[in-house]
Every structure is written in C-alpha cells, then in structure tokens.
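> Questions regarding the structure given below will be posed in turn.
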Amino acid sequence: MTSVNSSTSTSRLASLTARSASPVDRSDRRRGLQLPLGIVLFVVAEVVMTGLAALLGGPWALLLGACVGAALGIGGYLLIVGPIGGSPGLGLRGRGKLAELAVGLVLGTALMALAVGLIALLGGYRVTGFSASPQLLAPLAIGIGAGFLEEILFRGVLLRVLDSWVGSWAALAITSLLFGLIHMTNPGASVLTALGLVVEAGVLLGAAYLLTRRLWLVIGIHIAWNTVQGGVFSSSVSGTGEQRGLLLAETNGPDWLTGGSMGIEGSLVTVLLGFAVGIVMLVLATRRGHVLPSVRTERRRAAGES
C-alpha cells in the first residue's frame, strides 16, 4: 500500500511540475542584502513563535505560535523577494499553489510511512495499539513552524541566492550542509545525525525546490514529514522529544535502524530513502533545465558562443 502511494505521488509530482513550474529567473536585485534580511526574518519569526507558545502555554498556544510565525515568514519573504529583490521567479506566487502543496503533503506522508514500514520489516518498529487520546497539535505545530520558516530561509533565501552566485549544485551542497549543522543544536543530535540530515533532508528538500523553483511543494513535504512522524507514528521529531500520536509503538534495535533519540528520520533507512527520492527529483529538475551553472559560467559560455 505504501509503495503504491509513493509511486503514485512521484508520478503526480512529475506531471504537476511539468505543467506549472515557474521559469528560472535570476534577475533578482540586492542579493547581498537579501541574505542577512532572510536570516533576521527567520530569527524574528522563531522568537515570536516560541514566545507566544511560552507566554500562553499549552498545545493550542504552540499551534497558534507556529501559525503566527509562518504568517510573519510569508510576509517577510514576499517583501524580500518583491520590493527588495525585484520579484525574481514566482517563489510563493503564481497558479497551482494548492496543487503543489497537496502533492508535497501526500509525498511527505508516503515517504514517512514507507520508512516506518521498512524499519518495521527489519524489526525496529512494532505497533502495539492505538492511542485513546492522541496529542496531534504539537506535531502539527512542529510541522507548520519548521515547514514554513526553515524552508523560507534555507530554500527560499539561501538556496535561491547562492544558486545565482555559485550555481545550483554548489548551492544545494552548501544549504544541505547548513541545514544539517543547524539541527546539531537539537537535543540528542550528533555529528552523525547531522550528516544524516545533510544527505536525507538537505538533498530531498533542496531538490524539491529546484524541481518547481517554488516553495509550496517543499513546504508540503516538510510539514507532512514532521507532523506524520510525531502525530501518527509517535516518534520524536528531530530530537524534540517523544510524541504520543495515533499509534502506540515500540522501537527495538540499534540507533542506526530506529533513529534513536532523533526519531524515525534519524534511521539509516529514512536517510537512504530520502536521498534516493531527492536524486530522482534532481534528475527531473535537470531535465527541466532548473539545475543551472553559476552566473559567471553562463556568461563565459555566452561569450564563447558569441
């Protein structure tokens, strides 16, 4: 069931992006200003999000904080790429937003379900029952907060701007590394788990952005990845602590199989699965002409052809 869902999601993804992906636009202005502004935006939105949750208390406050932080992130991003950047590409605008978001949610759910299924087949995860009172708001808040704010910073600002300077491959490598390093501040994180996120999420999420050159697909994947991991499979999300989701489960085996304190996403199974899907997306993005050399290389080629 899960394998079929994953295959169907990939097919829908390819057909969707073939119809609605925006053309690559590197005409943005003031790239050197967009980078620090993007970082400031991320910090401010994170402070507001966590501040509201701490001030009001409770899971509803956590969800409210995530929604407010996401709204600040979207507004700030539109300002950065609009009046400041000269509106390069589509980013968060254009037709087909809900379709791309929906495909991302389906794909993120299918990937997490497939990872859990494989881990279960290897003896690392076993469902013991269903929770009578699942805690769904906290995983959803984690999904919304990280899905919007981290993607706006890492893919919407860093990857997009670096892509204009050093090319898509170098930008993908740099942002994937930074994405893994920032998660080393999470409880239970280590160098190995950070490297796993570099290979797994950094490549997968960066490839999803390059495929569409917009943020909705990658935001959907990220939201579903976090929400389903904690809200359905009762796993810790990036080391944020064990969640009580819909399924009651036991994990058995070494950390490389179960993910340890980092949760299911820390499993080698999930790392390899995320990396494999990311590679497929990069192949599709390359075929669509969305994986580009640096601006300097483009100019040299243009000069040579002329």
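So you can find residues: chains in the structure tokens are A, B, ... in the order shown, residues in each start at 1, and ligands are numbered from 1 in order.
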Show me a table, sorted first by chain and then by increasing residue number, of the residues of range 63-176 of chain A having an atom at most 7 Å from range 22-31 of chain A, each with its shortest atom pair and the distance in Å to one decimal, counting only C-alpha atoms and written as a Markdown table.

| residue | atom | partner | partner_atom | distance |
| --- | --- | --- | --- | --- |
| A:Ile84 | CA | A:Arg30 | CA | 6.7 |
| A:Gly85 | CA | A:Arg29 | CA | 4.5 |
| A:Gly86 | CA | A:Asp28 | CA | 5.3 |
| A:Ser87 | CA | A:Asp28 | CA | 6.5 |
| A:Pro88 | CA | A:Asp28 | CA | 5.0 |
| A:Gly89 | CA | A:Asp25 | CA | 4.8 |
| A:Leu90 | CA | A:Ser22 | CA | 6.3 |
| A:Val161 | CA | A:Arg31 | CA | 6.2 |
| A:Ser164 | CA | A:Arg26 | CA | 6.2 |
> Per residue of range 110-149 of chain A within 12 Å of range 46-51 of chain A, record the nearest atom pair and its distance in Å to one decimal, counting only C-alpha atoms, with rows in chain order and ascending residue number, as CSV.

residue,atom,partner,partner_atom,distance
A:Ala141,CA,A:Met49,CA,9.9
A:Ile142,CA,A:Met49,CA,10.6
A:Ile144,CA,A:Met49,CA,10.9
A:Gly145,CA,A:Met49,CA,7.9
A:Ala146,CA,A:Glu46,CA,9.4
A:Phe148,CA,A:Glu46,CA,10.8
A:Leu149,CA,A:Glu46,CA,7.8
> So which residues touch Ala113 in chain A within 12 Å, counting only C-alpha atoms, skipping near sequence neighbours fewer than 2 positions away, as a ChimeraX atom specification?
/A:1-6,106-111,115-120,125,224-230,232-233,264-265,269-270,273
> Compile the contact shell of Ser234 in chain A as a PyMOL selection string: residues with an atom at most 10 Å away, counting only C-alpha atoms, same-chain residues fewer than 6 positions apart removed.
chain A and resi 131+134-136+139+227-228+241-250+263-264
> Check the DSSP output for the backbone and give back, as a VMD selection string, the residues of range 66-232 of chain A in helix (DSSP H, G or I).
chain A and resid 66 to 84 97 to 121 137 to 166 168 to 185 191 to 212 216 to 231
> Just the residues within 10 Å of Leu192 in chain A, please, counting only C-alpha atoms, with nothing from its chain fewer than 5 positions along; format it as a list in words.
Gly180, Met184, Leu197, Val198, Trp256 and Gly266 of chain A
> Please write the residues from the selection above to a file, keeping C-alpha atoms, as a JSON list (two decimals), in the first residue's frame.

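File written: part31.json
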[["chain", "number", "residue", "atom", "x", "y", "z"],
["A", 180, "GLY", "CA", 22.34, 19.59, 8.96],
["A", 184, "MET", "CA", 23.03, 19.87, 15.79],
["A", 197, "LEU", "CA", 20.06, 15.21, 7.70],
["A", 198, "VAL", "CA", 22.50, 16.66, 5.17],
["A", 256, "TRP", "CA", 21.10, 3.25, 13.02],
["A", 266, "GLY", "CA", 17.49, 9.55, 12.15]]
> Can you pull out every residue from range 70-279 of chain A that DSSP, working from the backbone, puts in strand (DSSP E or B), and format the result as a list in words?
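Restricting range 70-279 of chain A to strand (DSSP E or B) produces Gly91, Tyr125, Arg126, Val127, Thr128, Gly129, Phe130, Arg214, Leu247, Leu248, Ala249, Glu250 and Thr251 of chain A.
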> Under the rule that only C-alpha atoms are counted, which of A:Arg126, A:Leu55, A:Gly274, A:Glu150 is the nearest residue to Phe42 in chain A?
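Of A:Arg126, A:Leu55, A:Gly274, A:Glu150, the one nearest Phe42 in chain A is A:Glu150, counting only C-alpha atoms.
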> Could you list, as an MDAnalysis selection string, every residue within 9 Å of Asp163 in chain A, counting only C-alpha atoms and ignoring same-chain residues fewer than 6 positions away?
chainID A and resid 26 169:172 291:295
> What gap, in Å, lies between CA of Asp255 in chain A and CA of Ala201 in chain A?
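CA of Asp255 in chain A sits 18.1 Å away from CA of Ala201 in chain A.
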> What does the structure give for the distance between CA of Val68 in chain A and CA of Phe154 in chain A, in Å to one decimal?
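CA of Phe154 in chain A lies 19.2 Å from CA of Val68 in chain A.
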